[in-house]
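Chemist: Encoded as structure tokens, here's the structure I'll be asking about.
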Amino acid sequence: MRHARRRVVRRVTRLTAVGGLLLGGAMVTQAAMASDTPGRDAATLSAPETPADKGSALVAKLGSARTAGSWVDSGGRTVVAVTDKATAAEVTKAGAEAKVVPYSMNQLKSAASTLSSAPKVPGTAWAMDYRNNKVLVEADSSVSATSWAAMTKVAKSIGASVEMQRTQGKFTTRINGAQPILSTGGRCSAGYNVTNGQTEFILTAGHCGPVGSIWFADNQGDQQLGKTVSDNFPGSDFSLVQYASGSAGEGADVVAIGNGSGVTITGLADAAVGEKVFRSGSTSGLHDGEVTALDATVNYPEGTVTGLIQTTVCAEPGDSGGPLFSNGIALGVTSGGSGDCKAGGTTFFQPLTKALAALNVKLLVAPKTAASPAPSASAAGSAAGTGSVTPGTSAPATNTTAGTTTLASRLTDPKNVGPGLLVIAGSLIALVATRWIRAEQDRKAFQRHYSAMWG
């Protein structure tokens, strides 16, 4: 009877120790996982607050038959293009400035649709130029005289709502900002960190690489960053790179701007014509410019992309996928363009809101706190005329290899050794003790048995 009670006590003690090990392991793992993503949220499009948002709201309210877009002028005022004086009065009453124009948004879209239905000519692009109430068609230096003549004929058949213009350089994707990410297909820039609620990803340009592309954070191929799991190009220009570890690590709400510096991303919005913006890329760093047109179509050699943001910001090979932002608000990722950061040029961006909606993911942003010093406008390539607009709140830029942090490394982080490890240690001691006690009891029983046999 006494031996049976001992066995029950030993069994209960072992079960308790095993339970303690499981509990301690769960406590440490939870602490490690919690420490991986401190203080960041998922962003959604906010209610109208800026002059750009005010213009968009007025256009939506008045309708595309009576308006032709909106923009922000050099003084920061909201301007709405309207087709008649009655609509102009409504805009003025709402606190914005009205400009009466000959063509409505419906007419401009019809003109763009006619251009889209014509044979595609690589090296051409067109966009809605709200301020001039035109669809501006541009052709780069690669477009032949014959192709230019054919496009001019199409434009003339549409009417005066279309304007033709030659431009220097060539319209190309910028593969070869934001941190560098590398694969066998070339070099691009990381855009933004996003999440589907369970896993975290890099959102970058779609032309950077198709589904299955493996990305590295170094040119030796030693630090695997992740793999492309979704892409959209041509048509649009965005893709998702899933982190190999499933997590972006610390600094997921910061975009790099060069020299170890970064900008904290606090929100998400649609770009507006006339808005001062900044772009970062792993090749050329931080540069600024202005949004000149929306809903741009670009006929790259690889295919046609529509719905882009057109800007005066420069970009170079390797900058593809890098972030476009202003005052810490995320706007888009770099697609392509013409020129470079010495001579200047035109750069197109994939709108971020459309990419997030198509991929069903949300942008990782920092919670809004008291503002800290922002990077000076002089840090940009050509900051003249940016006024009070800045890239955003400054923050140290972390390396993209943070995304390769494993659970094991977080478990060994000293900041996670707390009550959980104490529970594990106590449980191990209990297990060792019960094993030792049982072994000692068995040894004594063995001695007694043979002592009785041999006298």
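Chain lettering (A, B, ...) mirrors the order of the structure tokens, residue numbering begins at 1 for each chain separately, and ligand numbering begins at 1 in order of display.
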Quick one: DSSP strand (DSSP E or B) residues in range 20-214 of chain A, as a PyMOL selection string?
Modeler: chain A and resi 41-43+67-72+78-82+97-100+124-129+134-139+162-166+172-173+180-183+186-189+192-195+200-204+214
Chemist: If you count only C-alpha atoms, which residues fall within 7 Å of Leu308 in chain A, apart from same-chain ones fewer than 6 positions away, as a CSV table (one decimal) with C-alpha atoms, in the first residue's frame?
Modeler:
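Here's the written file selection.csv:
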chain,number,residue,atom,x,y,z
A,294,LEU,CA,-3.3,61.1,-62.2
A,295,ASP,CA,-4.7,58.0,-63.9
A,296,ALA,CA,-1.6,57.8,-66.1
A,297,THR,CA,-1.1,55.0,-68.7
A,348,PHE,CA,5.3,57.1,-62.4
A,349,PHE,CA,4.0,55.4,-59.2
A,350,GLN,CA,1.6,52.6,-58.5
A,351,PRO,CA,-1.1,54.1,-56.1
Chemist: So, counting only C-alpha atoms, which residue among A:Ser320, A:Gln198, A:Thr87, A:Ser70 is closest to Gln242 in chain A?
Modeler: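 So, comparing all the options, the nearest one is A:Gln198.
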Chemist: Name the residues in contact with Val137 in chain A at a cut-off of 12 Å, using only C-alpha atoms, excluding same-chain residues fewer than 2 positions from it; report them as an NGL selection string.
Modeler: :A and (111-112 or 115-116 or 121 or 123-129 or 134-135 or 139-140 or 148 or 151-152 or 154-156 or 161-167 or 293 or 296-299)
Chemist: As a PyMOL selection string, list the residues of range 90-328 of chain A assigned to alpha helix (DSSP H) by DSSP on the backbone atoms of this structure.
Modeler: chain A and resi 90-93+105-117+145-158
Chemist: How would the residues just picked look written out with N, CA, C and O atoms as a compact mmCIF listing (two decimals), in the first residue's frame?
Modeler:
# COMPACT_ATOMS: atom_id res chain seq x y z
N GLU A 90 -21.23 76.50 -56.27
CA GLU A 90 -21.29 75.48 -55.21
C GLU A 90 -19.91 75.20 -54.63
O GLU A 90 -19.75 75.02 -53.41
N VAL A 91 -18.91 75.19 -55.50
CA VAL A 91 -17.54 74.96 -55.04
C VAL A 91 -17.08 76.11 -54.15
O VAL A 91 -16.48 75.90 -53.09
N THR A 92 -17.37 77.33 -54.58
CA THR A 92 -16.98 78.51 -53.79
C THR A 92 -17.67 78.50 -52.44
O THR A 92 -17.05 78.83 -51.40
N LYS A 93 -18.94 78.13 -52.42
CA LYS A 93 -19.70 78.07 -51.17
C LYS A 93 -19.09 77.05 -50.21
O LYS A 93 -19.14 77.22 -48.98
N MET A 105 -14.84 65.60 -66.74
CA MET A 105 -14.07 64.38 -66.52
C MET A 105 -14.55 63.26 -67.44
O MET A 105 -13.75 62.45 -67.94
N ASN A 106 -15.85 63.21 -67.67
CA ASN A 106 -16.37 62.18 -68.58
C ASN A 106 -15.77 62.32 -69.98
O ASN A 106 -15.43 61.32 -70.63
N GLN A 107 -15.62 63.56 -70.44
CA GLN A 107 -15.04 63.78 -71.77
C GLN A 107 -13.55 63.44 -71.81
O GLN A 107 -13.06 62.86 -72.78
N LEU A 108 -12.84 63.77 -70.74
CA LEU A 108 -11.42 63.43 -70.68
C LEU A 108 -11.22 61.91 -70.63
O LEU A 108 -10.32 61.37 -71.29
N LYS A 109 -12.08 61.23 -69.87
CA LYS A 109 -11.97 59.77 -69.79
C LYS A 109 -12.30 59.13 -71.14
O LYS A 109 -11.70 58.11 -71.52
N SER A 110 -13.25 59.71 -71.85
CA SER A 110 -13.58 59.19 -73.18
C SER A 110 -12.39 59.33 -74.13
O SER A 110 -12.10 58.42 -74.93
N ALA A 111 -11.70 60.47 -74.04
CA ALA A 111 -10.52 60.68 -74.88
C ALA A 111 -9.43 59.66 -74.53
O ALA A 111 -8.79 59.08 -75.43
N ALA A 112 -9.21 59.42 -73.23
CA ALA A 112 -8.20 58.45 -72.80
C ALA A 112 -8.57 57.04 -73.25
O ALA A 112 -7.70 56.24 -73.63
N SER A 113 -9.86 56.74 -73.23
CA SER A 113 -10.32 55.43 -73.67
C SER A 113 -10.04 55.20 -75.15
O SER A 113 -9.65 54.11 -75.57
N THR A 114 -10.22 56.25 -75.95
CA THR A 114 -9.92 56.15 -77.39
C THR A 114 -8.44 55.90 -77.62
O THR A 114 -8.04 55.10 -78.47
N LEU A 115 -7.60 56.59 -76.85
CA LEU A 115 -6.16 56.37 -76.96
C LEU A 115 -5.80 54.94 -76.58
O LEU A 115 -4.95 54.30 -77.21
N SER A 116 -6.45 54.41 -75.54
CA SER A 116 -6.15 53.05 -75.08
C SER A 116 -6.55 51.99 -76.09
O SER A 116 -5.94 50.92 -76.17
N SER A 117 -7.60 52.29 -76.87
CA SER A 117 -8.07 51.32 -77.85
C SER A 117 -7.24 51.32 -79.13
O SER A 117 -7.33 50.39 -79.94
N ALA A 145 9.33 58.21 -85.95
CA ALA A 145 8.54 59.27 -86.58
C ALA A 145 7.23 58.70 -87.12
O ALA A 145 6.18 59.35 -87.05
N THR A 146 7.27 57.48 -87.62
CA THR A 146 6.06 56.85 -88.16
C THR A 146 5.03 56.61 -87.06
O THR A 146 3.84 56.90 -87.22
N SER A 147 5.50 56.06 -85.93
CA SER A 147 4.59 55.81 -84.80
C SER A 147 4.04 57.10 -84.23
O SER A 147 2.87 57.19 -83.85
N TRP A 148 4.89 58.13 -84.18
CA TRP A 148 4.46 59.43 -83.67
C TRP A 148 3.37 60.02 -84.57
O TRP A 148 2.38 60.56 -84.09
N ALA A 149 3.54 59.87 -85.85
CA ALA A 149 2.55 60.38 -86.80
C ALA A 149 1.22 59.64 -86.65
O ALA A 149 0.14 60.25 -86.72
N ALA A 150 1.30 58.32 -86.42
CA ALA A 150 0.08 57.53 -86.24
C ALA A 150 -0.67 57.96 -84.98
O ALA A 150 -1.90 58.09 -84.98
N MET A 151 0.07 58.22 -83.90
CA MET A 151 -0.56 58.65 -82.65
C MET A 151 -1.14 60.06 -82.79
O MET A 151 -2.20 60.37 -82.25
N THR A 152 -0.44 60.91 -83.50
CA THR A 152 -0.92 62.27 -83.73
C THR A 152 -2.24 62.25 -84.49
O THR A 152 -3.16 63.04 -84.20
N LYS A 153 -2.36 61.34 -85.42
CA LYS A 153 -3.60 61.20 -86.19
C LYS A 153 -4.76 60.80 -85.28
O LYS A 153 -5.87 61.34 -85.39
N VAL A 154 -4.49 59.86 -84.36
CA VAL A 154 -5.52 59.45 -83.39
C VAL A 154 -5.92 60.63 -82.52
O VAL A 154 -7.11 60.87 -82.25
N ALA A 155 -4.92 61.38 -82.04
CA ALA A 155 -5.19 62.53 -81.16
C ALA A 155 -6.04 63.58 -81.85
O ALA A 155 -6.96 64.14 -81.26
N LYS A 156 -5.73 63.85 -83.12
CA LYS A 156 -6.50 64.86 -83.86
C LYS A 156 -7.94 64.42 -84.07
O LYS A 156 -8.86 65.25 -84.09
N SER A 157 -8.15 63.11 -84.21
CA SER A 157 -9.53 62.62 -84.38
C SER A 157 -10.36 62.80 -83.11
O SER A 157 -11.59 62.89 -83.16
N ILE A 158 -9.68 62.87 -81.96
CA ILE A 158 -10.38 63.06 -80.68
C ILE A 158 -10.76 64.52 -80.50
O ILE A 158 -11.87 64.85 -80.06
Chemist: Quote the spacing between CA of Ser282 in chain A and CA of Ala269 in chain A in Å to one decimal place.
Modeler: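 CA of Ala269 in chain A lies at a distance of 23.2 Å from CA of Ser282 in chain A.
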Chemist: A:Ala68, A:Asp237, A:Leu62, A:Ile202: which is nearest Pro102 in chain A, counting only C-alpha atoms?
Modeler: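 Looking at the shortest contact to Pro102 in chain A, the residue is A:Ala68.
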Chemist: Rounded to one decimal in Å, what is the spacing between CA of Asn259 in chain A and CA of Gly186 in chain A?
Modeler: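 Between CA of Asn259 in chain A and CA of Gly186 in chain A the gap is 22.7 Å.
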Chemist: Please report as CSV every residue of range 123-223 of chain A lying within 10 Å of range 246-252 of chain A, along with the nearest atom pair and their distance in Å (one decimal), using only C-alpha atoms.
Modeler:
residue,atom,partner,partner_atom,distance
A:Tyr192,CA,A:Ala252,CA,8.1
A:Asn193,CA,A:Ala252,CA,5.9
A:Val194,CA,A:Ala252,CA,8.5
A:Thr195,CA,A:Ser247,CA,9.0
A:Gln198,CA,A:Gly246,CA,8.3
A:Thr199,CA,A:Gly246,CA,5.2
A:Glu200,CA,A:Ser247,CA,5.1
A:Phe201,CA,A:Ala248,CA,7.0
A:Ile202,CA,A:Ala248,CA,8.0
Chemist: Can you pull out every residue within 6 Å of range 360-368 of chain A, counting only C-alpha atoms, but drop anything in the same chain fewer than 3 positions away, and send it as a list in words?
Modeler: Arg40, Asp41, Ala42, Ala43, Asn193, Val194, Thr195, Asn196, Asp253, Ile265, Thr266, Leu356 and Ala357 of chain A
Chemist: Have a look at CA of Gly307 in chain A and CA of Phe233 in chain A and let me know their distance in Å, one decimal.
Modeler: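 We find that CA of Gly307 in chain A and CA of Phe233 in chain A lie 12.5 Å from each other.
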Chemist: Name the closest residue to Val79 in chain A among the candidates A:Cys208, A:Ala355, A:Leu240, A:Val273; distances are taken between atoms, counting only C-alpha atoms.
Modeler: A:Val273
Chemist: Give me, as a list in words, all polymer residues having an atom no more than 6 Å from Gly191 in chain A, counting only C-alpha atoms and skipping those fewer than 5 positions away in the same chain.
Modeler: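 Those residues are Leu203, Thr204, Gly321, Gly322 and Pro323 of chain A.
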Chemist: Give me a file of those residues, with N, CA and C atoms, as a compact mmCIF listing (two decimals), in the first residue's frame.
Modeler:
# COMPACT_ATOMS: atom_id res chain seq x y z
N LEU A 203 5.61 45.10 -49.75
CA LEU A 203 4.90 45.47 -50.96
C LEU A 203 5.86 46.25 -51.82
N THR A 204 6.10 45.78 -53.04
CA THR A 204 7.05 46.42 -53.95
C THR A 204 6.46 46.41 -55.36
N GLY A 321 9.96 50.01 -56.95
CA GLY A 321 9.33 49.47 -55.75
C GLY A 321 9.47 50.35 -54.53
N GLY A 322 10.37 51.35 -54.58
CA GLY A 322 10.59 52.22 -53.44
C GLY A 322 9.37 53.08 -53.13
N PRO A 323 9.26 53.59 -51.91
CA PRO A 323 8.06 54.30 -51.46
C PRO A 323 7.95 55.75 -51.90
Chemist: Name all residues at most 8 Å from Gly55 in chain A (count only C-alpha atoms; drop same-chain ones fewer than 5 positions away) and give them as a PyMOL selection string.
Modeler: chain A and resi 69-71+78-80+96
Chemist: When you look at Gly262 in chain A with a cut-off of 7 Å (counting only C-alpha atoms), what residues show up, excluding the ones that are within fewer than 4 positions of it in the same chain? I need them as an MDAnalysis selection string.
Modeler: chainID A and resid 254:257 394:397
